[in-house]
Every structure is written in C-alpha cells, then in structure tokens.
$ cat protein_11.cif   # mmCIF, C-alpha atoms, pLDDT in the B column; chains and numbers go by the auth columns
data_entry
#
loop_
_atom_site.group_PDB
_atom_site.id
_atom_site.type_symbol
_atom_site.label_atom_id
_atom_site.label_comp_id
_atom_site.label_asym_id
_atom_site.label_seq_id
_atom_site.Cartn_x
_atom_site.Cartn_y
_atom_site.Cartn_z
_atom_site.B_iso_or_equiv
_atom_site.auth_seq_id
_atom_site.auth_asym_id
ATOM 1 C CA MET A 1 119.073 141.752 93.485 52.00 1 J
ATOM 2 C CA HIS A 2 121.375 140.525 90.748 46.00 2 J
ATOM 3 C CA ARG A 3 122.931 142.302 87.825 51.00 3 J
ATOM 4 C CA GLY A 4 120.049 143.113 85.481 46.00 4 J
ATOM 5 C CA VAL A 5 117.367 141.811 87.913 47.00 5 J
ATOM 6 C CA TYR A 6 115.488 144.271 90.114 47.00 6 J
ATOM 7 C CA ALA A 7 112.616 144.200 92.588 49.00 7 J
ATOM 8 C CA VAL A 8 110.983 147.591 92.148 47.00 8 J
ATOM 9 C CA GLY A 9 108.500 148.856 94.695 47.00 9 J
ATOM 10 C CA HIS A 10 108.425 145.584 96.662 51.00 10 J
ATOM 11 C CA ALA A 11 108.778 144.825 100.328 50.00 11 J
ATOM 12 C CA PRO A 12 111.498 142.229 101.092 50.00 12 J
ATOM 13 C CA LEU A 13 110.893 139.314 98.732 53.00 13 J
ATOM 14 C CA VAL A 14 109.525 135.995 99.899 59.00 14 J
ATOM 15 C CA ALA A 15 111.662 132.903 99.292 75.00 15 J
ATOM 16 C CA GLU A 16 110.036 132.147 95.932 84.00 16 J
ATOM 17 C CA GLY A 17 110.828 135.642 94.696 80.00 17 J
ATOM 18 C CA VAL A 18 114.482 135.117 95.585 87.00 18 J
ATOM 19 C CA LEU A 19 114.494 131.819 93.642 92.00 19 J
ATOM 20 C CA LEU A 20 112.903 133.427 90.592 91.00 20 J
ATOM 21 C CA ALA A 21 115.402 136.274 90.686 89.00 21 J
ATOM 22 C CA ALA A 22 118.287 133.796 90.664 91.00 22 J
ATOM 23 C CA VAL A 23 116.860 132.008 87.610 93.00 23 J
ATOM 24 C CA LEU A 24 116.269 135.292 85.746 89.00 24 J
ATOM 25 C CA ALA A 25 119.811 136.392 86.527 87.00 25 J
ATOM 26 C CA CYS A 26 121.152 133.364 84.634 88.00 26 J
ATOM 27 C CA GLY A 27 119.456 134.286 81.385 85.00 27 J
ATOM 28 C CA PRO A 28 116.979 132.686 78.952 88.00 28 J
ATOM 29 C CA GLY A 29 116.563 128.940 79.214 89.00 29 J
ATOM 30 C CA ALA A 30 117.862 128.745 82.796 93.00 30 J
ATOM 31 C CA ALA A 31 115.990 126.720 85.387 96.00 31 J
ATOM 32 C CA LEU A 32 116.097 126.105 89.111 97.00 32 J
ATOM 33 C CA SER A 33 117.766 122.721 89.635 97.00 33 J
ATOM 34 C CA HIS A 34 119.519 120.249 91.945 97.00 34 J
ATOM 35 C CA LEU A 35 118.914 120.849 95.681 97.00 35 J
ATOM 36 C CA SER A 36 116.966 124.065 95.101 97.00 36 J
ATOM 37 C CA ALA A 37 114.596 122.383 92.648 98.00 37 J
ATOM 38 C CA ALA A 38 114.164 119.465 95.040 97.00 38 J
ATOM 39 C CA GLY A 39 113.121 121.917 97.744 96.00 39 J
ATOM 40 C CA LEU A 40 110.621 123.697 95.489 96.00 40 J
ATOM 41 C CA LEU A 41 109.191 120.360 94.299 97.00 41 J
ATOM 42 C CA ASP A 42 108.951 119.157 97.914 96.00 42 J
ATOM 43 C CA LEU A 43 111.211 116.163 97.246 97.00 43 J
ATOM 44 C CA ARG A 44 113.595 117.013 100.088 96.00 44 J
ATOM 45 C CA PRO A 45 114.210 120.054 102.287 94.00 45 J
ATOM 46 C CA THR A 46 117.282 122.204 101.831 90.00 46 J
ATOM 47 C CA SER A 47 118.829 124.911 103.971 87.00 47 J
ATOM 48 C CA ARG A 48 121.629 125.604 101.494 86.00 48 J
ATOM 49 C CA ALA A 49 122.281 129.313 101.072 87.00 49 J
ATOM 50 C CA ALA A 50 123.408 129.155 97.436 93.00 50 J
ATOM 51 C CA ILE A 51 120.650 128.674 94.848 94.00 51 J
ATOM 52 C CA ASP A 52 121.188 125.971 92.214 96.00 52 J
ATOM 53 C CA VAL A 53 120.430 127.041 88.658 95.00 53 J
ATOM 54 C CA THR A 54 121.170 125.048 85.500 95.00 54 J
ATOM 55 C CA THR A 55 121.904 126.896 82.265 91.00 55 J
ATOM 56 C CA ARG A 56 122.809 125.871 78.759 81.00 56 J
ATOM 57 C CA ARG A 57 126.447 124.889 78.377 69.00 57 J
ATOM 58 C CA GLY A 58 128.612 127.955 78.065 60.00 58 J
ATOM 59 C CA ALA A 59 125.972 130.252 79.599 56.00 59 J
ATOM 60 C CA ALA A 60 126.897 129.842 83.271 55.00 60 J
ATOM 61 C CA ARG A 61 128.473 132.854 84.978 62.00 61 J
ATOM 62 C CA ARG A 62 129.641 133.369 88.536 67.00 62 J
ATOM 63 C CA ARG A 63 127.063 135.324 90.491 73.00 63 J
ATOM 64 C CA ALA A 64 126.884 135.900 94.225 72.00 64 J
ATOM 65 C CA GLY A 65 124.484 133.513 95.950 84.00 65 J
ATOM 66 C CA ILE A 66 123.989 131.357 92.841 91.00 66 J
ATOM 67 C CA SER A 67 125.528 127.954 92.150 92.00 67 J
ATOM 68 C CA ALA A 68 125.348 127.806 88.353 90.00 68 J
ATOM 69 C CA HIS A 69 125.526 124.447 86.564 92.00 69 J
ATOM 70 C CA ALA A 70 126.270 124.567 82.841 89.00 70 J
ATOM 71 C CA SER A 71 124.696 121.666 80.974 90.00 71 J
ATOM 72 C CA GLY A 72 124.715 120.558 77.376 86.00 72 J
ATOM 73 C CA THR A 73 121.817 118.152 77.967 88.00 73 J
ATOM 74 C CA LEU A 74 119.169 120.497 79.416 91.00 74 J
ATOM 75 C CA ARG A 75 116.243 120.415 76.983 92.00 75 J
ATOM 76 C CA PRO A 76 112.986 122.408 76.945 93.00 76 J
ATOM 77 C CA GLN A 77 111.081 119.264 77.998 95.00 77 J
ATOM 78 C CA ASP A 78 113.301 119.002 81.082 96.00 78 J
ATOM 79 C CA VAL A 79 111.897 122.266 82.441 96.00 79 J
ATOM 80 C CA THR A 80 108.517 122.950 83.968 97.00 80 J
ATOM 81 C CA THR A 81 107.054 125.924 85.835 96.00 81 J
ATOM 82 C CA VAL A 82 106.344 125.724 89.560 96.00 82 J
ATOM 83 C CA ARG A 83 104.691 128.751 91.141 93.00 83 J
ATOM 84 C CA SER A 84 105.906 130.897 88.225 92.00 84 J
ATOM 85 C CA ILE A 85 109.514 129.698 88.601 95.00 85 J
ATOM 86 C CA PRO A 86 111.214 127.786 85.753 96.00 86 J
ATOM 87 C CA CYS A 87 112.315 124.555 87.402 97.00 87 J
ATOM 88 C CA THR A 88 113.659 121.208 86.276 98.00 88 J
ATOM 89 C CA THR A 89 111.103 118.421 86.123 98.00 89 J
ATOM 90 C CA VAL A 90 110.913 115.765 88.825 98.00 90 J
ATOM 91 C CA ALA A 91 112.752 113.259 86.613 97.00 91 J
ATOM 92 C CA ARG A 92 115.560 115.683 85.714 97.00 92 J
ATOM 93 C CA THR A 93 115.812 116.859 89.326 98.00 93 J
ATOM 94 C CA LEU A 94 116.278 113.285 90.526 98.00 94 J
ATOM 95 C CA LEU A 95 119.084 112.792 88.012 97.00 95 J
ATOM 96 C CA ASP A 96 120.724 116.018 89.204 97.00 96 J
ATOM 97 C CA LEU A 97 120.315 115.002 92.844 97.00 97 J
ATOM 98 C CA ALA A 98 122.001 111.667 92.153 97.00 98 J
ATOM 99 C CA ASP A 99 125.224 113.589 91.486 96.00 99 J
ATOM 100 C CA VAL A 100 125.212 115.588 94.724 96.00 100 J
ATOM 101 C CA ILE A 101 123.587 113.591 97.551 96.00 101 J
ATOM 102 C CA ARG A 102 124.211 110.221 99.169 96.00 102 J
ATOM 103 C CA PRO A 103 122.369 107.100 97.930 95.00 103 J
ATOM 104 C CA GLY A 104 120.250 106.912 101.087 95.00 104 J
ATOM 105 C CA ALA A 105 119.110 110.517 100.668 96.00 105 J
ATOM 106 C CA LEU A 106 118.380 109.880 96.990 97.00 106 J
ATOM 107 C CA GLU A 107 116.274 106.867 97.917 95.00 107 J
ATOM 108 C CA ARG A 108 114.272 109.019 100.338 95.00 108 J
ATOM 109 C CA ALA A 109 113.732 111.628 97.607 96.00 109 J
ATOM 110 C CA LEU A 110 112.426 108.886 95.312 95.00 110 J
ATOM 111 C CA GLU A 111 110.101 107.648 98.052 92.00 111 J
ATOM 112 C CA ARG A 112 108.857 111.202 98.568 94.00 112 J
ATOM 113 C CA ALA A 113 108.156 111.582 94.838 94.00 113 J
ATOM 114 C CA GLU A 114 106.293 108.294 94.875 88.00 114 J
ATOM 115 C CA MET A 115 104.274 109.350 97.917 87.00 115 J
ATOM 116 C CA LEU A 116 103.354 112.649 96.223 91.00 116 J
ATOM 117 C CA ARG A 117 102.319 110.676 93.099 87.00 117 J
ATOM 118 C CA VAL A 118 104.721 112.665 90.920 94.00 118 J
ATOM 119 C CA LEU A 119 107.199 109.873 90.165 92.00 119 J
ATOM 120 C CA ASP A 120 107.161 108.812 86.508 92.00 120 J
ATOM 121 C CA THR A 121 109.609 105.912 86.234 91.00 121 J
ATOM 122 C CA ARG A 122 109.555 106.046 82.440 91.00 122 J
ATOM 123 C CA ALA A 123 110.552 109.700 82.508 95.00 123 J
ATOM 124 C CA VAL A 124 113.417 108.890 84.890 96.00 124 J
ATOM 125 C CA GLU A 125 114.560 106.048 82.631 94.00 125 J
ATOM 126 C CA GLU A 126 114.458 108.429 79.657 95.00 126 J
ATOM 127 C CA GLN A 127 116.676 110.830 81.600 96.00 127 J
ATOM 128 C CA LEU A 128 119.053 107.971 82.397 95.00 128 J
ATOM 129 C CA ALA A 129 119.252 107.021 78.719 93.00 129 J
ATOM 130 C CA ASN A 130 120.574 110.533 78.032 89.00 130 J
ATOM 131 C CA ALA A 131 122.673 110.836 81.182 90.00 131 J
ATOM 132 C CA ASP A 132 125.908 111.126 79.201 78.00 132 J
ATOM 133 C CA GLY A 133 128.055 109.318 81.785 86.00 133 J
ATOM 134 C CA ARG A 134 126.940 111.301 84.833 93.00 134 J
ATOM 135 C CA ARG A 135 128.386 109.883 88.035 94.00 135 J
ATOM 136 C CA GLY A 136 125.085 109.506 89.880 96.00 136 J
ATOM 137 C CA ALA A 137 123.313 107.714 87.038 96.00 137 J
ATOM 138 C CA PRO A 138 124.211 104.131 88.112 95.00 138 J
ATOM 139 C CA THR A 139 122.841 104.724 91.617 96.00 139 J
ATOM 140 C CA LEU A 140 119.615 106.232 90.297 96.00 140 J
ATOM 141 C CA ALA A 141 119.264 103.388 87.770 94.00 141 J
ATOM 142 C CA ARG A 142 119.602 100.800 90.527 91.00 142 J
ATOM 143 C CA LEU A 143 117.061 102.522 92.751 92.00 143 J
ATOM 144 C CA ILE A 144 114.530 103.065 89.972 90.00 144 J
ATOM 145 C CA SER A 145 114.797 99.415 88.925 83.00 145 J
ATOM 146 C CA GLU A 146 113.635 98.408 92.394 77.00 146 J
ATOM 147 C CA ILE A 147 110.415 100.419 92.145 76.00 147 J
ATOM 148 C CA ARG A 148 109.670 100.086 88.440 70.00 148 J
ATOM 149 C CA PRO A 149 105.997 99.146 87.868 58.00 149 J
ATOM 150 C CA GLU A 150 105.540 95.389 87.950 57.00 150 J
ATOM 151 C CA THR A 151 105.291 93.599 84.627 54.00 151 J
ATOM 152 C CA HIS A 152 104.644 90.046 85.818 57.00 152 J
ATOM 153 C CA THR A 153 101.382 88.153 85.415 68.00 153 J
ATOM 154 C CA ARG A 154 99.501 86.506 88.238 79.00 154 J
ATOM 155 C CA SER A 155 100.496 83.074 86.961 84.00 155 J
ATOM 156 C CA GLU A 156 104.174 84.102 86.924 87.00 156 J
ATOM 157 C CA PHE A 157 103.925 85.127 90.575 89.00 157 J
ATOM 158 C CA GLU A 158 102.220 81.853 91.435 91.00 158 J
ATOM 159 C CA ASP A 159 104.795 79.759 89.589 92.00 159 J
ATOM 160 C CA ARG A 160 107.714 81.508 91.253 92.00 160 J
ATOM 161 C CA PHE A 161 106.206 81.371 94.727 93.00 161 J
ATOM 162 C CA LEU A 162 105.308 77.673 94.435 94.00 162 J
ATOM 163 C CA SER A 163 108.828 76.915 93.189 95.00 163 J
ATOM 164 C CA LEU A 164 110.221 78.801 96.172 94.00 164 J
ATOM 165 C CA CYS A 165 108.089 76.721 98.555 94.00 165 J
ATOM 166 C CA CYS A 166 109.216 73.495 96.915 94.00 166 J
ATOM 167 C CA ALA A 167 112.898 74.483 97.106 94.00 167 J
ATOM 168 C CA ALA A 168 112.528 75.454 100.780 93.00 168 J
ATOM 169 C CA GLY A 169 110.735 72.248 101.736 93.00 169 J
ATOM 170 C CA ILE A 170 107.496 74.074 102.538 93.00 170 J
ATOM 171 C CA PRO A 171 104.375 71.995 101.793 93.00 171 J
ATOM 172 C CA ARG A 172 102.441 73.168 98.745 94.00 172 J
ATOM 173 C CA PRO A 173 99.626 75.577 99.669 94.00 173 J
ATOM 174 C CA LYS A 174 96.174 75.766 98.166 94.00 174 J
ATOM 175 C CA VAL A 175 96.109 78.406 95.429 94.00 175 J
ATOM 176 C CA ASN A 176 93.286 80.964 95.080 92.00 176 J
ATOM 177 C CA ALA A 177 91.394 79.203 97.860 91.00 177 J
ATOM 178 C CA GLN A 178 87.939 80.375 98.933 91.00 178 J
ATOM 179 C CA LEU A 179 87.369 81.220 102.612 89.00 179 J
ATOM 180 C CA ALA A 180 83.979 81.774 104.222 85.00 180 J
ATOM 181 C CA LEU A 181 84.125 84.175 107.166 81.00 181 J
ATOM 182 C CA GLY A 182 80.586 84.588 108.444 76.00 182 J
ATOM 183 C CA ASP A 183 78.614 86.075 105.576 79.00 183 J
ATOM 184 C CA LYS A 184 81.766 87.155 103.734 80.00 184 J
ATOM 185 C CA LEU A 185 83.533 85.095 101.078 85.00 185 J
ATOM 186 C CA MET A 186 87.221 85.828 100.579 87.00 186 J
ATOM 187 C CA GLU A 187 89.874 84.454 98.286 89.00 187 J
ATOM 188 C CA ALA A 188 93.367 83.718 99.580 91.00 188 J
ATOM 189 C CA ASP A 189 96.205 83.694 97.062 92.00 189 J
ATOM 190 C CA PHE A 190 98.035 80.921 98.953 94.00 190 J
ATOM 191 C CA LEU A 191 96.518 79.093 101.910 94.00 191 J
ATOM 192 C CA TRP A 192 97.678 76.438 104.341 94.00 192 J
ATOM 193 C CA PRO A 193 94.308 75.652 105.985 92.00 193 J
ATOM 194 C CA ASN A 194 95.551 73.482 108.854 91.00 194 J
ATOM 195 C CA GLU A 195 98.178 76.066 109.824 92.00 195 J
ATOM 196 C CA ARG A 196 95.709 78.925 109.164 93.00 196 J
ATOM 197 C CA LEU A 197 98.458 80.707 107.267 94.00 197 J
ATOM 198 C CA ILE A 198 97.891 82.908 104.203 94.00 198 J
ATOM 199 C CA VAL A 199 100.337 84.510 101.778 94.00 199 J
ATOM 200 C CA GLU A 200 99.019 87.322 99.601 91.00 200 J
ATOM 201 C CA SER A 201 100.720 88.724 96.499 87.00 201 J
ATOM 202 C CA ASP A 202 100.993 92.430 97.259 75.00 202 J
ATOM 203 C CA GLY A 203 101.452 94.222 93.946 64.00 203 J
ATOM 204 C CA TYR A 204 101.662 98.023 93.997 56.00 204 J
ATOM 205 C CA ALA A 205 99.754 98.352 90.726 52.00 205 J
ATOM 206 C CA ALA A 206 96.705 96.654 92.243 49.00 206 J
ATOM 207 C CA HIS A 207 97.091 97.763 95.864 49.00 207 J
ATOM 208 C CA GLY A 208 98.617 101.242 95.584 53.00 208 J
ATOM 209 C CA THR A 209 95.433 103.311 95.899 59.00 209 J
ATOM 210 C CA ARG A 210 93.985 104.647 99.139 68.00 210 J
ATOM 211 C CA ARG A 211 90.841 102.533 98.690 75.00 211 J
ATOM 212 C CA ALA A 212 92.888 99.366 98.156 71.00 212 J
ATOM 213 C CA PHE A 213 95.070 100.211 101.157 74.00 213 J
ATOM 214 C CA GLU A 214 92.007 100.545 103.400 83.00 214 J
ATOM 215 C CA ARG A 215 90.373 97.401 101.968 81.00 215 J
ATOM 216 C CA ASP A 216 93.488 95.294 102.495 82.00 216 J
ATOM 217 C CA ARG A 217 93.823 96.376 106.137 84.00 217 J
ATOM 218 C CA ARG A 218 90.165 95.603 106.889 86.00 218 J
ATOM 219 C CA ARG A 219 90.576 92.221 105.232 86.00 219 J
ATOM 220 C CA ASP A 220 93.724 91.405 107.226 87.00 220 J
ATOM 221 C CA ALA A 221 91.972 92.373 110.457 90.00 221 J
ATOM 222 C CA LEU A 222 88.984 90.115 109.707 89.00 222 J
ATOM 223 C CA LEU A 223 91.304 87.214 108.920 90.00 223 J
ATOM 224 C CA LEU A 224 93.318 87.804 112.097 90.00 224 J
ATOM 225 C CA VAL A 225 90.172 87.743 114.231 91.00 225 J
ATOM 226 C CA ALA A 226 89.245 84.457 112.522 91.00 226 J
ATOM 227 C CA GLY A 227 92.638 83.047 113.465 92.00 227 J
ATOM 228 C CA TYR A 228 94.446 83.411 110.127 93.00 228 J
ATOM 229 C CA ARG A 229 97.880 84.997 109.868 93.00 229 J
ATOM 230 C CA THR A 230 98.511 86.910 106.642 92.00 230 J
ATOM 231 C CA VAL A 231 101.904 87.602 105.087 93.00 231 J
ATOM 232 C CA ARG A 232 102.068 90.020 102.159 91.00 232 J
ATOM 233 C CA VAL A 233 104.795 89.379 99.574 92.00 233 J
ATOM 234 C CA THR A 234 105.677 91.723 96.710 87.00 234 J
ATOM 235 C CA TRP A 235 107.102 90.762 93.337 84.00 235 J
ATOM 236 C CA GLY A 236 110.256 92.665 94.240 83.00 236 J
ATOM 237 C CA GLN A 237 110.693 90.597 97.405 87.00 237 J
ATOM 238 C CA LEU A 238 110.030 87.388 95.525 88.00 238 J
ATOM 239 C CA ARG A 239 112.566 88.344 92.863 84.00 239 J
ATOM 240 C CA ASN A 240 115.278 90.030 94.960 84.00 240 J
ATOM 241 C CA ALA A 241 114.872 88.587 98.473 89.00 241 J
ATOM 242 C CA SER A 242 113.484 85.093 97.874 92.00 242 J
ATOM 243 C CA ALA A 243 115.594 83.531 100.659 94.00 243 J
ATOM 244 C CA GLU A 244 114.146 85.998 103.175 95.00 244 J
ATOM 245 C CA VAL A 245 110.595 85.294 101.971 94.00 245 J
ATOM 246 C CA ALA A 246 111.148 81.533 102.239 94.00 246 J
ATOM 247 C CA ALA A 247 112.643 81.867 105.725 95.00 247 J
ATOM 248 C CA THR A 248 109.683 83.967 106.909 94.00 248 J
ATOM 249 C CA VAL A 249 107.057 81.568 105.584 93.00 249 J
ATOM 250 C CA ALA A 250 108.942 78.528 106.882 92.00 250 J
ATOM 251 C CA ALA A 251 109.297 80.081 110.352 92.00 251 J
ATOM 252 C CA LEU A 252 105.573 80.851 110.533 90.00 252 J
ATOM 253 C CA PHE A 253 104.757 77.365 109.279 82.00 253 J
ATOM 254 C CA ARG A 254 106.977 75.761 111.942 80.00 254 J
ATOM 255 C CA SER A 255 105.667 77.998 114.741 78.00 255 J
ATOM 256 C CA GLU A 256 102.109 76.853 114.013 62.00 256 J
ATOM 257 C CA LYS A 257 103.249 73.242 114.115 56.00 257 J
ATOM 258 C CA ARG A 258 104.815 73.775 117.554 51.00 258 J
ATOM 259 C CA GLU A 259 101.625 75.305 118.875 52.00 259 J
#
$ encode --input "protein_11.cif" --output "structure tokens"
Amino acid sequence: MHRGVYAVGHAPLVAEGVLLAAVLACGPGAALSHLSAAGLLDLRPTSRAAIDVTTRRGAARRRAGISAHASGTLRPQDVTTVRSIPCTTVARTLLDLADVIRPGALERALERAEMLRVLDTRAVEEQLANADGRRGAPTLARLISEIRPETHTRSEFEDRFLSLCCAAGIPRPKVNAQLALGDKLMEADFLWPNERLIVESDGYAAHGTRRAFERDRRRDALLLVAGYRTVRVTWGQLRNASAEVAATVAALFRSEKRE
C-alpha cells in the first residue's frame, strides 16, 4: 500500500484500513489530522482524496496519496485512538482545521463537536495557548469565546438585564415572579403581568440537557396557552447583542400595548 506497509491476505481494504495504512507509512508518532481527522471524528465530512497525517517536525516525507504535515508542537496528549487509528484529539483537530477551512465551516465543525458532546473548551484554549502563531488561531479563539461555558451568576444576569431595560426605556419587570397556572406553580425570571410577557435567562449550563430541553418546551407551551409570550435570552446575547435583545423586548412590549 505504501513503502513498508502491506495488507497481506486481505480483500480490498475498507476506508479505515486505508487511513491506518497512511498513518503507519509516516512512522512512529504520526497521527491522522486536519480534514481526515475531522472526517473520522465526525466533525465534518470530507471527500478529499489525499489523507492528512501529522508527524513530528523533520519526519514528514512525500508519499503518494498522503498530505504530510510536519509539526514541532504535536505532543503525545494531542493524539488519541479512534477505531484503532492514531488520530489527533478533537481540540487539536479543531486547531488544525482553523488553518485550512473557512470561518463559517469552522463554526459548523465546532457546533458539530458541541452537538456530539465532545467539545472541551478548556482543551481548545490549551491548544490555543500553544498555537505558536498559527494563522487560524485568532479565528478559533474568537469562536470558542462565544461558546465558552458561562461564568456569570444569576444576580449578574438580573442586574445586566434590568440595566438594559432601564436604558431602553422599558418599564421594570417583576423579577422571579410566581405564576399559578391551574394546579401548577411556575417562576418567571422577568415578568410584565399586564402585557403577559416573560423573559427567561436561557443558560446552556442549566438548560443544555435533553431533560431540560423537553421541560423548557413544555413550560413554554403551557404559558402560551395561558396567554403569556416567552422570550429566552442567553448570557451571550445579553453581553454581545444587547441592542438586539432590547429591541426585541421593546417591540413585544409595544405590540401588546397596541392590542
């Protein structure tokens, strides 16, 4: 298959066998990387014919069908094993991808990692700290900052949201207000009772599980049937898109007044 790599007594190899052969051809310490690693890790599909393999600096050699990347920063902890194939970790793969794909495609790969529950933002940040001036690092740093786990307290969210309302001329809502809907008692983060408008803080840490997702949707449906409109606001929106949040709440507030 490659010089020094043979498939003895096998029918035509499946795709994973071809990937493993490419890694073995590049010598000890090599690992599947970049677009090929992203495909194996299910972060993004690839139809690229050449197989990406990262080796220690100085170890890369030209081989047919292999795109070899020599690296002086590839460490043992940057490599894992996926279906018997040495492969860069999710965090290292994302850093490698940042150098070779567009920002929009990188963002989709991050979203895919998050959906698969394999995204470790701390591991990505550790990779960025050792990025050694790589060209894709600033883009990855910006994207990871937008999805970093929230570190605010509930009171910080409340203070910022109430300040936003004040600055936008929106009347102050009731905070952590109790609502009785039949035999159910619910708490609304921010409530304008006359306008029957509710704003909920929608933090991923507290609402990112399947059970929380289902619970929140049932709750929103019950409130809608009772005549309450619910707007969910994340910390990221409150921090990075406060004008848009204020405009949305103000528009809903005014529309209720017109009705």
$ residues_around --input "protein_11.cif" --residues "Cys26 in chain J" --least-positions-apart "3" --cutoff "7 Å" --atoms "only C-alpha atoms" --output "PyMOL selection string"
chain J and resi 22-23+30+55+60
$ write_last_selection --input "protein_11.cif" --atoms "C-alpha atoms" --output "JSON list (two decimals), in the coordinates of the input"
[["chain", "number", "residue", "atom", "x", "y", "z"],
["J", 22, "ALA", "CA", 118.29, 133.80, 90.66],
["J", 23, "VAL", "CA", 116.86, 132.01, 87.61],
["J", 30, "ALA", "CA", 117.86, 128.74, 82.80],
["J", 55, "THR", "CA", 121.90, 126.90, 82.26],
["J", 60, "ALA", "CA", 126.90, 129.84, 83.27]]
$ resolve_selection --input "protein_11.cif" --expression "the PyMOL selection byres ((chain J and resi 85-95) around 6)" --output "count of residues only"
17
$ atom_distance --input "protein_11.cif" --atom1 "CA of Pro103 in chain J" --atom2 "CA of Ala64 in chain J"
29.4 Å
$ resolve_selection --input "protein_11.cif" --expression "the PyMOL selection byres ((chain J and resi 157-172) around 9)" --output "compact mmCIF listing (two decimals) with C-alpha atoms, in the coordinates of the input"
# COMPACT_ATOMS: atom_id res chain seq x y z
CA HIS J 152 104.64 90.05 85.82
CA THR J 153 101.38 88.15 85.42
CA ARG J 154 99.50 86.51 88.24
CA SER J 155 100.50 83.07 86.96
CA GLU J 156 104.17 84.10 86.92
CA PRO J 173 99.63 75.58 99.67
CA LYS J 174 96.17 75.77 98.17
CA VAL J 175 96.11 78.41 95.43
CA ASP J 189 96.20 83.69 97.06
CA PHE J 190 98.04 80.92 98.95
CA LEU J 191 96.52 79.09 101.91
CA TRP J 192 97.68 76.44 104.34
CA SER J 201 100.72 88.72 96.50
CA TRP J 235 107.10 90.76 93.34
CA LEU J 238 110.03 87.39 95.52
CA ARG J 239 112.57 88.34 92.86
CA SER J 242 113.48 85.09 97.87
CA ALA J 243 115.59 83.53 100.66
CA VAL J 245 110.60 85.29 101.97
CA ALA J 246 111.15 81.53 102.24
CA ALA J 247 112.64 81.87 105.72
CA VAL J 249 107.06 81.57 105.58
CA ALA J 250 108.94 78.53 106.88
CA PHE J 253 104.76 77.36 109.28
$ atom_distance --input "protein_11.cif" --atom1 "CA of Glu16 in chain J" --atom2 "CA of Leu40 in chain J"
8.5 Å
$ residues_around --input "protein_11.cif" --residues "Thr230 in chain J" --least-positions-apart "4" --cutoff "9 Å" --atoms "only C-alpha atoms" --output "ChimeraX atom specification"
/J:196-200,220,223-224
$ atom_distance --input "protein_11.cif" --atom1 "CA of Leu185 in chain J" --atom2 "CA of Leu252 in chain J"
24.4 Å
$ resolve_selection --input "protein_11.cif" --expression "the PyMOL selection byres ((chain J and resi 50) around 9)" --output "list in words"
Ser36, Arg48, Ala49, Ile51, Asp52, Ala64, Gly65, Ile66 and Ser67 of chain J
$ closest_residue --input "protein_11.cif" --among "J:Asp120, J:Pro76, J:Thr248, J:Arg229" --to "Asn194 in chain J" --atoms "only C-alpha atoms"
J:Arg229
$ closest_residue --input "protein_11.cif" --among "J:Glu244, J:Asp42, J:Asp183, J:Glu126" --to "Glu114 in chain J" --atoms "only C-alpha atoms"
J:Asp42
$ closest_residue --input "protein_11.cif" --among "J:Ala21, J:Leu181, J:Ile147, J:Leu140" --to "Glu111 in chain J" --atoms "all atoms listed in the file"
J:Ile147
$ closest_residue --input "protein_11.cif" --among "J:Arg63, J:Leu116, J:Ala251, J:Gln127" --to "Val231 in chain J" --atoms "all atoms listed in the file"
J:Ala251
$ closest_residue --input "protein_11.cif" --among "J:Ile101, J:Leu110, J:Val53, J:Ala38" --to "Leu24 in chain J" --atoms "all atoms listed in the file"
J:Val53
$ residues_around --input "protein_11.cif" --residues "Thr121 in chain J" --least-positions-apart "4" --cutoff "7 Å" --atoms "only C-alpha atoms" --output "count of residues only"
3
$ axis_aligned_box --input "protein_11.cif" --around "range 232-245 of chain J" --padding-each-side "3 Å" --output "lines of an AutoDock Vina configuration file"
center_x = 108.8
center_y = 88.1
center_z = 98.0
size_x = 19.5
size_y = 15.1
size_z = 16.3
$ build_atoms --input "protein_11.cif" --residues "range 183-197 of chain J" --atoms "N, CA and C atoms" --output "PDB file, in the coordinates of the input"
ATOM      1  N   ASP J 183      79.341  85.881 106.831  1.00 79.00           N
ATOM      2  CA  ASP J 183      78.614  86.075 105.576  1.00 79.00           C
ATOM      3  C   ASP J 183      79.517  86.605 104.465  1.00 79.00           C
ATOM      4  N   LYS J 184      80.827  86.656 104.728  1.00 80.00           N
ATOM      5  CA  LYS J 184      81.766  87.155 103.734  1.00 80.00           C
ATOM      6  C   LYS J 184      82.540  86.000 103.108  1.00 80.00           C
ATOM      7  N   LEU J 185      82.740  86.081 101.795  1.00 85.00           N
ATOM      8  CA  LEU J 185      83.533  85.095 101.078  1.00 85.00           C
ATOM      9  C   LEU J 185      84.793  85.784 100.571  1.00 85.00           C
ATOM     10  N   MET J 186      85.944  85.242 100.962  1.00 87.00           N
ATOM     11  CA  MET J 186      87.221  85.828 100.579  1.00 87.00           C
ATOM     12  C   MET J 186      88.048  84.811  99.820  1.00 87.00           C
ATOM     13  N   GLU J 187      88.953  85.321  99.010  1.00 89.00           N
ATOM     14  CA  GLU J 187      89.874  84.454  98.286  1.00 89.00           C
ATOM     15  C   GLU J 187      91.288  84.705  98.781  1.00 89.00           C
ATOM     16  N   ALA J 188      91.981  83.626  99.143  1.00 91.00           N
ATOM     17  CA  ALA J 188      93.367  83.718  99.580  1.00 91.00           C
ATOM     18  C   ALA J 188      94.268  83.275  98.433  1.00 91.00           C
ATOM     19  N   ASP J 189      95.294  84.049  98.153  1.00 92.00           N
ATOM     20  CA  ASP J 189      96.205  83.694  97.062  1.00 92.00           C
ATOM     21  C   ASP J 189      96.867  82.340  97.333  1.00 92.00           C
ATOM     22  N   PHE J 190      97.403  82.183  98.547  1.00 94.00           N
ATOM     23  CA  PHE J 190      98.035  80.921  98.953  1.00 94.00           C
ATOM     24  C   PHE J 190      97.604  80.619 100.385  1.00 94.00           C
ATOM     25  N   LEU J 191      97.088  79.432 100.604  1.00 94.00           N
ATOM     26  CA  LEU J 191      96.518  79.093 101.910  1.00 94.00           C
ATOM     27  C   LEU J 191      96.999  77.726 102.371  1.00 94.00           C
ATOM     28  N   TRP J 192      97.445  77.692 103.638  1.00 94.00           N
ATOM     29  CA  TRP J 192      97.678  76.438 104.341  1.00 94.00           C
ATOM     30  C   TRP J 192      96.570  76.344 105.393  1.00 94.00           C
ATOM     31  N   PRO J 193      95.488  75.623 105.104  1.00 92.00           N
ATOM     32  CA  PRO J 193      94.308  75.652 105.985  1.00 92.00           C
ATOM     33  C   PRO J 193      94.572  75.117 107.384  1.00 92.00           C
ATOM     34  N   ASN J 194      95.311  74.041 107.520  1.00 91.00           N
ATOM     35  CA  ASN J 194      95.551  73.482 108.854  1.00 91.00           C
ATOM     36  C   ASN J 194      96.379  74.427 109.721  1.00 91.00           C
ATOM     37  N   GLU J 195      97.333  75.117 109.083  1.00 92.00           N
ATOM     38  CA  GLU J 195      98.178  76.066 109.824  1.00 92.00           C
ATOM     39  C   GLU J 195      97.538  77.450 109.907  1.00 92.00           C
ATOM     40  N   ARG J 196      96.418  77.639 109.207  1.00 93.00           N
ATOM     41  CA  ARG J 196      95.709  78.925 109.164  1.00 93.00           C
ATOM     42  C   ARG J 196      96.669  80.057 108.802  1.00 93.00           C
ATOM     43  N   LEU J 197      97.452  79.768 107.749  1.00 94.00           N
ATOM     44  CA  LEU J 197      98.458  80.707 107.267  1.00 94.00           C
ATOM     45  C   LEU J 197      98.138  81.092 105.830  1.00 94.00           C
TER      46      LEU J 197
END
